[in-house]
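Engineer: Just so it is clear, I am handing over protein-v1.csv, which has CSV, C-alpha atoms.
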```csv
chain,number,residue,atom,x,y,z
A,106,GLY,CA,33.9,-30.5,84.3
A,107,ASP,CA,34.3,-33.9,82.8
A,108,SER,CA,31.0,-35.3,81.3
A,109,VAL,CA,29.5,-37.8,78.9
A,110,THR,CA,26.4,-37.0,76.8
A,111,GLN,CA,24.6,-39.7,74.8
A,112,MET,CA,21.5,-39.6,72.8
A,113,GLU,CA,18.3,-40.2,74.6
A,114,GLY,CA,16.3,-43.3,73.9
A,115,PRO,CA,14.5,-45.3,73.5
A,116,VAL,CA,15.7,-46.3,70.1
A,117,THR,CA,13.4,-48.8,68.3
A,118,LEU,CA,14.7,-50.6,65.2
A,119,SER,CA,13.7,-53.6,63.1
A,120,GLU,CA,16.0,-56.6,63.0
A,121,GLU,CA,18.9,-56.2,60.6
A,122,ALA,CA,18.7,-52.4,60.7
A,123,PHE,CA,21.8,-50.2,61.1
A,124,LEU,CA,22.4,-48.8,64.6
A,125,THR,CA,24.1,-45.6,65.6
A,126,ILE,CA,24.1,-44.4,69.2
A,127,ASN,CA,25.8,-41.0,69.6
A,128,CYS,CA,28.2,-40.2,72.4
A,129,THR,CA,30.2,-37.1,73.0
A,130,TYR,CA,32.4,-36.2,75.9
A,131,THR,CA,34.3,-33.4,77.6
A,132,ALA,CA,37.3,-34.2,79.6
A,133,THR,CA,40.5,-32.7,80.9
A,134,GLY,CA,43.5,-34.8,80.1
A,135,TYR,CA,43.3,-37.9,77.8
A,136,PRO,CA,40.5,-40.1,78.8
A,137,SER,CA,39.9,-43.7,77.9
A,138,LEU,CA,36.4,-44.3,76.4
A,139,PHE,CA,34.1,-47.3,76.9
A,140,TRP,CA,30.7,-48.7,75.9
A,141,TYR,CA,29.0,-50.9,78.4
A,142,VAL,CA,25.8,-52.8,77.9
A,143,GLN,CA,23.2,-53.8,80.5
A,144,TYR,CA,20.7,-56.6,79.8
A,145,PRO,CA,17.5,-56.8,81.8
A,146,GLY,CA,18.2,-57.9,85.4
A,147,GLU,CA,21.9,-57.8,85.0
A,148,GLY,CA,24.8,-55.4,85.8
A,149,LEU,CA,26.8,-53.6,83.2
A,150,GLN,CA,29.3,-55.4,81.1
A,151,LEU,CA,32.0,-54.0,78.9
A,152,LEU,CA,31.1,-54.1,75.2
A,153,LEU,CA,34.2,-52.3,73.8
A,154,LYS,CA,36.8,-49.7,74.6
A,155,ALA,CA,39.4,-47.4,73.1
A,156,THR,CA,42.3,-45.9,75.1
A,157,LYS,CA,43.7,-43.3,72.7
A,158,ALA,CA,42.7,-41.1,69.8
A,159,ASP,CA,41.8,-42.8,66.5
A,160,ASP,CA,41.6,-46.2,68.2
A,161,LYS,CA,38.7,-48.4,67.1
A,162,GLY,CA,37.1,-50.7,69.6
A,163,SER,CA,35.0,-53.6,68.3
A,164,ASN,CA,33.1,-56.6,69.7
A,165,LYS,CA,30.2,-58.7,68.7
A,166,GLY,CA,29.7,-56.6,65.5
A,167,PHE,CA,29.7,-53.3,67.4
A,168,GLU,CA,32.3,-50.7,66.6
A,169,ALA,CA,33.2,-47.3,68.0
A,170,THR,CA,36.1,-45.0,67.0
A,171,TYR,CA,37.7,-42.5,69.4
A,172,ARG,CA,37.5,-39.2,67.7
A,173,LYS,CA,39.5,-36.5,69.5
A,174,GLU,CA,38.7,-33.8,67.0
A,175,THR,CA,35.0,-34.1,67.5
A,176,THR,CA,35.2,-35.5,71.1
A,177,SER,CA,33.0,-38.4,70.1
A,178,PHE,CA,32.7,-42.1,70.5
A,179,HIS,CA,29.6,-43.2,68.6
A,180,LEU,CA,28.5,-46.8,68.7
A,181,GLU,CA,27.6,-48.5,65.5
A,182,LYS,CA,26.4,-51.9,64.3
A,183,GLY,CA,25.6,-52.8,60.8
A,184,SER,CA,22.8,-55.3,61.4
A,185,VAL,CA,21.1,-55.5,64.8
A,186,GLN,CA,19.4,-58.6,66.3
A,187,VAL,CA,16.6,-59.0,68.7
A,188,SER,CA,19.2,-60.2,71.3
A,189,ASP,CA,20.9,-56.7,71.1
A,190,SER,CA,17.9,-55.2,73.0
A,191,ALA,CA,19.5,-53.7,76.1
A,192,VAL,CA,20.6,-50.4,77.6
A,193,TYR,CA,23.9,-49.0,76.3
A,194,PHE,CA,26.1,-46.7,78.3
A,195,CYS,CA,29.0,-44.6,77.1
A,196,ALA,CA,31.6,-43.9,79.7
A,197,LEU,CA,35.0,-42.2,80.1
A,198,SER,CA,37.8,-42.8,82.6
A,199,VAL,CA,40.4,-40.1,83.3
A,200,ALA,CA,43.1,-39.8,85.9
A,201,SER,CA,43.9,-36.1,86.2
A,202,GLY,CA,44.3,-35.2,89.8
A,203,THR,CA,41.6,-37.4,91.0
A,204,TYR,CA,40.4,-40.6,89.4
A,205,LYS,CA,37.1,-40.3,87.5
A,206,TYR,CA,34.9,-42.9,85.9
A,207,ILE,CA,31.9,-41.1,84.3
A,208,PHE,CA,28.9,-42.7,82.7
A,209,GLY,CA,26.2,-41.3,80.4
A,210,THR,CA,22.6,-41.7,81.1
A,211,GLY,CA,22.2,-44.8,79.0
A,212,THR,CA,20.3,-45.4,75.7
A,213,ARG,CA,17.6,-48.1,75.7
A,214,LEU,CA,17.6,-50.1,72.4
A,215,LYS,CA,14.7,-52.2,71.4
A,216,VAL,CA,15.0,-54.4,68.4
A,217,LEU,CA,11.8,-55.8,66.9
A,218,ALA,CA,11.6,-59.1,64.9
B,64,GLU,CA,31.7,-68.8,91.6
B,65,THR,CA,33.2,-66.4,89.2
B,66,GLY,CA,33.0,-62.6,88.5
B,67,VAL,CA,31.3,-60.2,90.8
B,68,THR,CA,28.4,-61.3,93.0
B,69,GLN,CA,26.1,-59.2,95.1
B,70,THR,CA,23.6,-60.1,97.8
B,71,PRO,CA,20.8,-59.7,98.4
B,72,ARG,CA,19.4,-59.2,94.9
B,73,HIS,CA,16.3,-57.4,96.2
B,74,LEU,CA,15.8,-55.6,99.5
B,75,VAL,CA,12.9,-53.8,101.0
B,76,MET,CA,13.4,-51.8,104.1
B,77,GLY,CA,11.8,-49.2,106.3
B,78,MET,CA,13.4,-45.8,107.0
B,79,THR,CA,14.4,-46.9,110.5
B,80,ASN,CA,15.9,-50.2,109.5
B,81,LYS,CA,19.6,-51.1,109.3
B,82,LYS,CA,20.7,-53.4,106.6
B,83,SER,CA,23.9,-54.2,104.7
B,84,LEU,CA,24.6,-55.0,101.0
B,85,LYS,CA,27.4,-57.4,100.2
B,86,CYS,CA,29.7,-57.6,97.2
B,87,GLU,CA,32.3,-60.2,96.5
B,88,GLN,CA,34.7,-60.4,93.5
B,89,HIS,CA,36.6,-63.5,92.4
B,90,LEU,CA,38.8,-61.8,89.8
B,91,GLY,CA,41.8,-61.0,91.8
B,92,HIS,CA,41.2,-57.3,91.5
B,93,ASN,CA,42.5,-54.6,93.9
B,94,ALA,CA,39.8,-51.9,93.4
B,95,MET,CA,36.2,-52.0,94.2
B,96,TYR,CA,33.4,-49.5,93.7
B,97,TRP,CA,29.8,-48.8,94.7
B,98,TYR,CA,27.5,-47.1,92.2
B,99,LYS,CA,23.9,-45.9,92.5
B,100,GLN,CA,21.7,-46.4,89.4
B,101,SER,CA,18.4,-44.4,89.4
B,102,ALA,CA,15.9,-44.2,86.6
B,103,LYS,CA,16.8,-41.5,84.0
B,104,LYS,CA,19.9,-40.4,85.8
B,105,PRO,CA,23.6,-41.2,85.0
B,106,LEU,CA,25.2,-43.9,87.0
B,107,GLU,CA,26.5,-42.2,90.2
B,108,LEU,CA,29.9,-43.3,91.6
B,109,MET,CA,29.6,-43.4,95.4
B,110,PHE,CA,32.8,-44.9,96.8
B,111,VAL,CA,36.1,-46.2,95.5
B,112,TYR,CA,38.4,-48.6,97.4
B,113,ASN,CA,41.9,-49.3,96.2
B,114,PHE,CA,43.9,-52.0,98.0
B,115,LYS,CA,41.3,-51.8,100.8
B,116,GLU,CA,41.8,-48.1,101.3
B,117,GLN,CA,38.9,-45.7,100.5
B,118,THR,CA,40.1,-43.2,97.8
B,119,GLU,CA,36.9,-41.6,96.8
B,120,ASN,CA,33.7,-40.5,98.5
B,121,ASN,CA,31.6,-38.5,96.2
B,122,SER,CA,29.7,-36.5,98.7
B,123,VAL,CA,27.6,-39.4,99.8
B,124,PRO,CA,25.3,-38.9,102.8
B,125,SER,CA,26.5,-40.5,106.0
B,126,ARG,CA,23.5,-42.8,106.1
B,127,PHE,CA,25.6,-44.9,103.6
B,128,SER,CA,28.7,-46.4,105.2
B,129,PRO,CA,31.1,-48.5,103.2
B,130,GLU,CA,33.4,-51.2,104.5
B,131,CYS,CA,36.2,-53.0,102.7
B,132,PRO,CA,37.7,-55.7,104.9
B,133,ASN,CA,39.9,-57.1,102.1
B,134,SER,CA,40.3,-56.7,98.3
B,135,SER,CA,37.7,-59.3,97.6
B,136,HIS,CA,34.8,-58.0,99.7
B,137,LEU,CA,32.9,-54.8,99.9
B,138,PHE,CA,29.9,-53.9,102.0
B,139,LEU,CA,27.5,-51.0,102.1
B,140,HIS,CA,25.9,-50.5,105.4
B,141,LEU,CA,22.5,-48.7,105.3
B,142,HIS,CA,20.7,-46.9,108.1
B,143,THR,CA,17.9,-44.4,108.3
B,144,LEU,CA,17.5,-44.2,104.6
B,145,GLN,CA,15.0,-42.1,102.7
B,146,PRO,CA,12.6,-43.1,100.0
B,147,GLU,CA,14.7,-41.3,97.4
B,148,ASP,CA,17.5,-43.7,98.2
B,149,SER,CA,15.5,-46.4,96.4
B,150,ALA,CA,17.6,-47.5,93.4
B,151,LEU,CA,19.7,-50.2,92.0
B,152,TYR,CA,23.1,-50.4,93.8
B,153,LEU,CA,25.8,-51.8,91.7
B,154,CYS,CA,29.2,-53.1,92.8
B,155,ALA,CA,32.1,-53.2,90.4
B,156,SER,CA,35.8,-54.1,90.5
B,157,SER,CA,38.8,-53.4,88.4
B,158,LEU,CA,42.5,-54.3,88.5
B,159,GLU,CA,43.5,-51.0,90.1
B,160,ALA,CA,41.8,-47.7,90.7
B,161,GLY,CA,43.4,-44.8,88.9
B,162,GLU,CA,44.4,-46.9,85.9
B,163,GLU,CA,42.2,-45.3,83.4
B,164,ARG,CA,42.4,-48.0,80.8
B,165,ASP,CA,41.0,-50.6,83.2
B,166,THR,CA,37.7,-52.2,82.5
B,167,GLN,CA,35.2,-52.3,85.3
B,168,TYR,CA,33.4,-55.6,86.0
B,169,PHE,CA,30.0,-55.2,87.5
B,170,GLY,CA,27.8,-57.3,89.7
B,171,PRO,CA,24.1,-57.8,89.0
B,172,GLY,CA,23.1,-55.2,91.5
B,173,THR,CA,20.8,-55.0,94.6
B,174,ARG,CA,17.4,-53.5,93.9
B,175,LEU,CA,16.7,-51.5,97.1
B,176,THR,CA,13.2,-50.1,97.9
B,177,VAL,CA,12.9,-47.8,100.9
B,178,LEU,CA,9.4,-47.5,102.3
```
Give the structure from the file, written as C-alpha cells.
Structural biologist:
Amino acid sequence: GDSVTQMEGPVTLSEEAFLTINCTYTATGYPSLFWYVQYPGEGLQLLLKATKADDKGSNKGFEATYRKETTSFHLEKGSVQVSDSAVYFCALSVASGTYKYIFGTGTRLKVLA
Amino acid sequence: ETGVTQTPRHLVMGMTNKKSLKCEQHLGHNAMYWYKQSAKKPLELMFVYNFKEQTENNSVPSRFSPECPNSSHLFLHLHTLQPEDSALYLCASSLEAGEERDTQYFGPGTRLTVL
C-alpha cells in the first residue's frame, strides 16, 4: 500500500551545520509530496511541496527534490539555525480510487547554539 | 481570527464523560479533516469532509463521532473513551478533498487526556 518512510530522530546539529532528513515513499499513481514542520505547541504547517517528478520545492532555505527514480523527497538545508528546531514530517497525497494523505512518523531536529 | 482554530486546547476527561472538540476554519476551504497524533506513530487520518459530506472514515471506533454542520465548522464528539485514546487531535482544512496538490492547513490541536 501507499506509505512514507522517514529517518528516525532525533537529529542533533550545531548551528550552521548542513541538514539532510531522508524521506522515501511508495505510492500507486502519481503522488504530490510535502514537507510539513511542527513547532512546539503548534499544529503542522507546510514547509514546501512538489507536485510532479523532478520538481524542487523550496522555502526558508529548505529544499527538496521529487525523485521518481529513487522514490525519494529528501529535505536539505545548507545552514541550520536554532529556530529550525522542530519536528519535520514528510507526506504524500494521492487520489487513486480513494483520496489518501499519508504522513511519515516525523523527525525531531534539535539545533544547538 | 484567521487560519484554523481549535477549542479547547487541552481536555482531561474520564472514560464515562461526553465531550466535544471544535474546529473552525476562516480560509474559505471546502474540505476539513480530523487527525490523531500519538507519540512515535504516524499521523492518523480519522475523518474527511468535503463540502459538508463525510467522504472518509478510516475505521475509527464509534466512540468518536464527527459532525460538520457547514464548510467552516467541524466537531468531534467523544464518549466512553479509553486511555489509549489520549493524544493530540488535529483539525485541518484544504481547498477541496481529493485534490492531491492541495496544501492542508492545520490548527494547533487539542491535547486530550483520558483518565
Engineer: Pick out the residues sitting within 8 Å of stretch 132-145 of chain B, and hand them over as a ChimeraX atom specification; count all atoms listed in the file, and ignore anything fewer than 3 positions along from it in its own chain.
Structural biologist: /B:77-89,91-95,113-115,126-129,148-149,177-178
Engineer: Take the residues that were just selected and, keeping C-alpha atoms, output them as a PDB file, in the coordinates of the input.
Structural biologist:
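Here's the written file selection27.pdb:
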```pdb
ATOM      1  CA  GLY B  77      11.800 -49.200 106.300  1.00  0.00           C
ATOM      2  CA  MET B  78      13.400 -45.800 107.000  1.00  0.00           C
ATOM      3  CA  THR B  79      14.400 -46.900 110.500  1.00  0.00           C
ATOM      4  CA  ASN B  80      15.900 -50.200 109.500  1.00  0.00           C
ATOM      5  CA  LYS B  81      19.600 -51.100 109.300  1.00  0.00           C
ATOM      6  CA  LYS B  82      20.700 -53.400 106.600  1.00  0.00           C
ATOM      7  CA  SER B  83      23.900 -54.200 104.700  1.00  0.00           C
ATOM      8  CA  LEU B  84      24.600 -55.000 101.000  1.00  0.00           C
ATOM      9  CA  LYS B  85      27.400 -57.400 100.200  1.00  0.00           C
ATOM     10  CA  CYS B  86      29.700 -57.600  97.200  1.00  0.00           C
ATOM     11  CA  GLU B  87      32.300 -60.200  96.500  1.00  0.00           C
ATOM     12  CA  GLN B  88      34.700 -60.400  93.500  1.00  0.00           C
ATOM     13  CA  HIS B  89      36.600 -63.500  92.400  1.00  0.00           C
ATOM     14  CA  GLY B  91      41.800 -61.000  91.800  1.00  0.00           C
ATOM     15  CA  HIS B  92      41.200 -57.300  91.500  1.00  0.00           C
ATOM     16  CA  ASN B  93      42.500 -54.600  93.900  1.00  0.00           C
ATOM     17  CA  ALA B  94      39.800 -51.900  93.400  1.00  0.00           C
ATOM     18  CA  MET B  95      36.200 -52.000  94.200  1.00  0.00           C
ATOM     19  CA  ASN B 113      41.900 -49.300  96.200  1.00  0.00           C
ATOM     20  CA  PHE B 114      43.900 -52.000  98.000  1.00  0.00           C
ATOM     21  CA  LYS B 115      41.300 -51.800 100.800  1.00  0.00           C
ATOM     22  CA  ARG B 126      23.500 -42.800 106.100  1.00  0.00           C
ATOM     23  CA  PHE B 127      25.600 -44.900 103.600  1.00  0.00           C
ATOM     24  CA  SER B 128      28.700 -46.400 105.200  1.00  0.00           C
ATOM     25  CA  PRO B 129      31.100 -48.500 103.200  1.00  0.00           C
ATOM     26  CA  ASP B 148      17.500 -43.700  98.200  1.00  0.00           C
ATOM     27  CA  SER B 149      15.500 -46.400  96.400  1.00  0.00           C
ATOM     28  CA  VAL B 177      12.900 -47.800 100.900  1.00  0.00           C
ATOM     29  CA  LEU B 178       9.400 -47.500 102.300  1.00  0.00           C
TER      30      LEU B 178
END
```
Engineer: What is the distance between atom CA of B:Trp97 and atom CA of B:Cys154, in Å to one decimal?
Structural biologist: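 Atom CA of B:Trp97 sits 4.7 Å away from atom CA of B:Cys154.
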Engineer: In the coordinates of the file, take the point (36.2, -52.7, 69.5) and a cut-off of 10 Å; then, counting only C-alpha atoms, name each qualifying protein, DNA or RNA residue as a list in words.
Structural biologist: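 Residues lying no farther than 10 Å from the given point: Phe139, Trp140, Leu152, Leu153, Lys154, Ala155, Asp160, Lys161, Gly162, Ser163, Asn164, Lys165, Gly166, Phe167, Glu168, Ala169, Thr170 and Leu180 of chain A.
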Engineer: Please dump the current selection as a PDB file, keeping the file's coordinate frame; keep C-alpha atoms.
Structural biologist:
```pdb
ATOM      1  CA  PHE A 139      34.100 -47.300  76.900  1.00  0.00           C
ATOM      2  CA  TRP A 140      30.700 -48.700  75.900  1.00  0.00           C
ATOM      3  CA  LEU A 152      31.100 -54.100  75.200  1.00  0.00           C
ATOM      4  CA  LEU A 153      34.200 -52.300  73.800  1.00  0.00           C
ATOM      5  CA  LYS A 154      36.800 -49.700  74.600  1.00  0.00           C
ATOM      6  CA  ALA A 155      39.400 -47.400  73.100  1.00  0.00           C
ATOM      7  CA  ASP A 160      41.600 -46.200  68.200  1.00  0.00           C
ATOM      8  CA  LYS A 161      38.700 -48.400  67.100  1.00  0.00           C
ATOM      9  CA  GLY A 162      37.100 -50.700  69.600  1.00  0.00           C
ATOM     10  CA  SER A 163      35.000 -53.600  68.300  1.00  0.00           C
ATOM     11  CA  ASN A 164      33.100 -56.600  69.700  1.00  0.00           C
ATOM     12  CA  LYS A 165      30.200 -58.700  68.700  1.00  0.00           C
ATOM     13  CA  GLY A 166      29.700 -56.600  65.500  1.00  0.00           C
ATOM     14  CA  PHE A 167      29.700 -53.300  67.400  1.00  0.00           C
ATOM     15  CA  GLU A 168      32.300 -50.700  66.600  1.00  0.00           C
ATOM     16  CA  ALA A 169      33.200 -47.300  68.000  1.00  0.00           C
ATOM     17  CA  THR A 170      36.100 -45.000  67.000  1.00  0.00           C
ATOM     18  CA  LEU A 180      28.500 -46.800  68.700  1.00  0.00           C
TER      19      LEU A 180
END
```
Engineer: Tell me as number ranges by chain which residues belonging to chain A come within 6 Å of chain B, counting only C-alpha atoms.
Structural biologist: A: 137, 147-149, 198-200, 204, 208-210
Engineer: Using all atoms listed in the file, which protein or nucleic acid residues come within 12 Å of stretch 212-214 of chain A? Drop anything in the same chain fewer than 2 positions from it, and give the result as a PyMOL selection string.
Structural biologist: (chain A and resi 110-120+122+124-128+140-145+179-180+185-195+208-210+216-217) or (chain B and resi 102-105)
Engineer: What separation in Å, quoted to one decimal, exists between atom CA of A:Thr156 and atom CA of A:Lys182?
Structural biologist: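 So the two atoms, atom CA of A:Thr156 and atom CA of A:Lys182, lie 20.1 Å apart.
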Engineer: If you measure from atom CA of A:Val109 to atom CA of B:Leu158, what distance in Å do you get, rounded to one decimal?
Structural biologist: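 Computed distance, atom CA of A:Val109 to atom CA of B:Leu158, equals 23.1 Å.
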Engineer: B:Tyr112, B:Leu175, B:Glu159, B:Glu147: which is nearest B:Pro71, counting all atoms listed in the file?
Structural biologist: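 Of B:Tyr112, B:Leu175, B:Glu159, B:Glu147, the one nearest B:Pro71, counting all atoms listed in the file, is B:Leu175.
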Engineer: Env of stretch 130-133 of chain A: 7 Å cut, atoms = only C-alpha atoms, seq-sep filter 6 positions within chain, self excluded. Answer as a count of residues only.
Structural biologist: 7
Engineer: Complete stretch 124-150 of chain B with N, CA, C and O atoms (output as a compact mmCIF listing (two decimals), in the frame of the given file).
Structural biologist:
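Dumped everything to result36.txt:
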```txt
# COMPACT_ATOMS: atom_id res chain seq x y z
N PRO B 124 25.82 -39.14 101.42
CA PRO B 124 25.30 -38.90 102.80
C PRO B 124 25.82 -39.99 103.75
O PRO B 124 26.03 -41.15 103.36
N SER B 125 25.96 -39.60 105.00
CA SER B 125 26.50 -40.50 106.00
C SER B 125 25.63 -41.68 106.33
O SER B 125 26.08 -42.63 107.00
N ARG B 126 24.40 -41.67 105.88
CA ARG B 126 23.50 -42.80 106.10
C ARG B 126 23.97 -44.04 105.26
O ARG B 126 23.48 -45.15 105.44
N PHE B 127 24.91 -43.81 104.33
CA PHE B 127 25.60 -44.90 103.60
C PHE B 127 26.99 -45.02 104.13
O PHE B 127 27.77 -44.04 104.08
N SER B 128 27.35 -46.19 104.59
CA SER B 128 28.70 -46.40 105.20
C SER B 128 29.33 -47.60 104.56
O SER B 128 28.87 -48.73 104.73
N PRO B 129 30.40 -47.40 103.80
CA PRO B 129 31.10 -48.50 103.20
C PRO B 129 32.07 -49.20 104.08
O PRO B 129 32.57 -48.58 105.03
N GLU B 130 32.36 -50.45 103.75
CA GLU B 130 33.40 -51.20 104.50
C GLU B 130 34.08 -52.13 103.51
O GLU B 130 33.40 -52.82 102.74
N CYS B 131 35.40 -52.15 103.56
CA CYS B 131 36.20 -53.00 102.70
C CYS B 131 37.19 -53.78 103.50
O CYS B 131 38.32 -53.31 103.66
N PRO B 132 36.83 -54.95 104.02
CA PRO B 132 37.70 -55.70 104.90
C PRO B 132 38.94 -56.29 104.17
O PRO B 132 39.99 -56.50 104.78
N ASN B 133 38.78 -56.57 102.90
CA ASN B 133 39.90 -57.10 102.10
C ASN B 133 39.57 -56.78 100.63
O ASN B 133 38.47 -56.30 100.31
N SER B 134 40.49 -57.05 99.74
CA SER B 134 40.30 -56.70 98.30
C SER B 134 39.21 -57.40 97.63
O SER B 134 38.80 -57.01 96.54
N SER B 135 38.71 -58.48 98.24
CA SER B 135 37.70 -59.30 97.60
C SER B 135 36.26 -58.96 98.03
O SER B 135 35.30 -59.38 97.39
N HIS B 136 36.14 -58.26 99.16
CA HIS B 136 34.80 -58.00 99.70
C HIS B 136 34.56 -56.55 99.96
O HIS B 136 35.44 -55.81 100.40
N LEU B 137 33.32 -56.17 99.69
CA LEU B 137 32.90 -54.80 99.90
C LEU B 137 31.49 -54.79 100.43
O LEU B 137 30.64 -55.54 99.95
N PHE B 138 31.27 -53.98 101.45
CA PHE B 138 29.90 -53.90 102.00
C PHE B 138 29.45 -52.45 101.94
O PHE B 138 30.25 -51.50 101.90
N LEU B 139 28.13 -52.31 101.94
CA LEU B 139 27.50 -51.00 102.10
C LEU B 139 26.48 -51.08 103.16
O LEU B 139 25.46 -51.76 103.01
N HIS B 140 26.78 -50.44 104.27
CA HIS B 140 25.90 -50.50 105.40
C HIS B 140 24.89 -49.30 105.30
O HIS B 140 25.28 -48.16 105.02
N LEU B 141 23.62 -49.62 105.52
CA LEU B 141 22.50 -48.70 105.30
C LEU B 141 21.79 -48.43 106.61
O LEU B 141 21.46 -49.38 107.32
N HIS B 142 21.52 -47.16 106.93
CA HIS B 142 20.70 -46.90 108.10
C HIS B 142 19.98 -45.57 107.94
O HIS B 142 20.51 -44.60 107.38
N THR B 143 18.76 -45.55 108.43
CA THR B 143 17.90 -44.40 108.30
C THR B 143 17.82 -43.81 106.94
O THR B 143 18.06 -42.61 106.71
N LEU B 144 17.55 -44.68 105.98
CA LEU B 144 17.50 -44.20 104.60
C LEU B 144 16.18 -43.49 104.32
O LEU B 144 15.23 -43.54 105.11
N GLN B 145 16.17 -42.80 103.18
CA GLN B 145 15.00 -42.10 102.70
C GLN B 145 14.41 -42.72 101.49
O GLN B 145 15.12 -43.43 100.76
N PRO B 146 13.15 -42.49 101.20
CA PRO B 146 12.60 -43.10 100.00
C PRO B 146 13.32 -42.78 98.72
O PRO B 146 13.39 -43.63 97.82
N GLU B 147 13.92 -41.61 98.64
CA GLU B 147 14.70 -41.30 97.40
C GLU B 147 15.96 -42.04 97.26
O GLU B 147 16.64 -41.95 96.23
N ASP B 148 16.31 -42.83 98.28
CA ASP B 148 17.50 -43.70 98.20
C ASP B 148 17.14 -45.01 97.46
O ASP B 148 18.04 -45.81 97.17
N SER B 149 15.88 -45.22 97.16
CA SER B 149 15.50 -46.40 96.40
C SER B 149 16.13 -46.36 95.04
O SER B 149 16.02 -45.37 94.31
N ALA B 150 16.82 -47.44 94.69
CA ALA B 150 17.60 -47.50 93.40
C ALA B 150 18.19 -48.86 93.28
O ALA B 150 18.05 -49.73 94.14
```
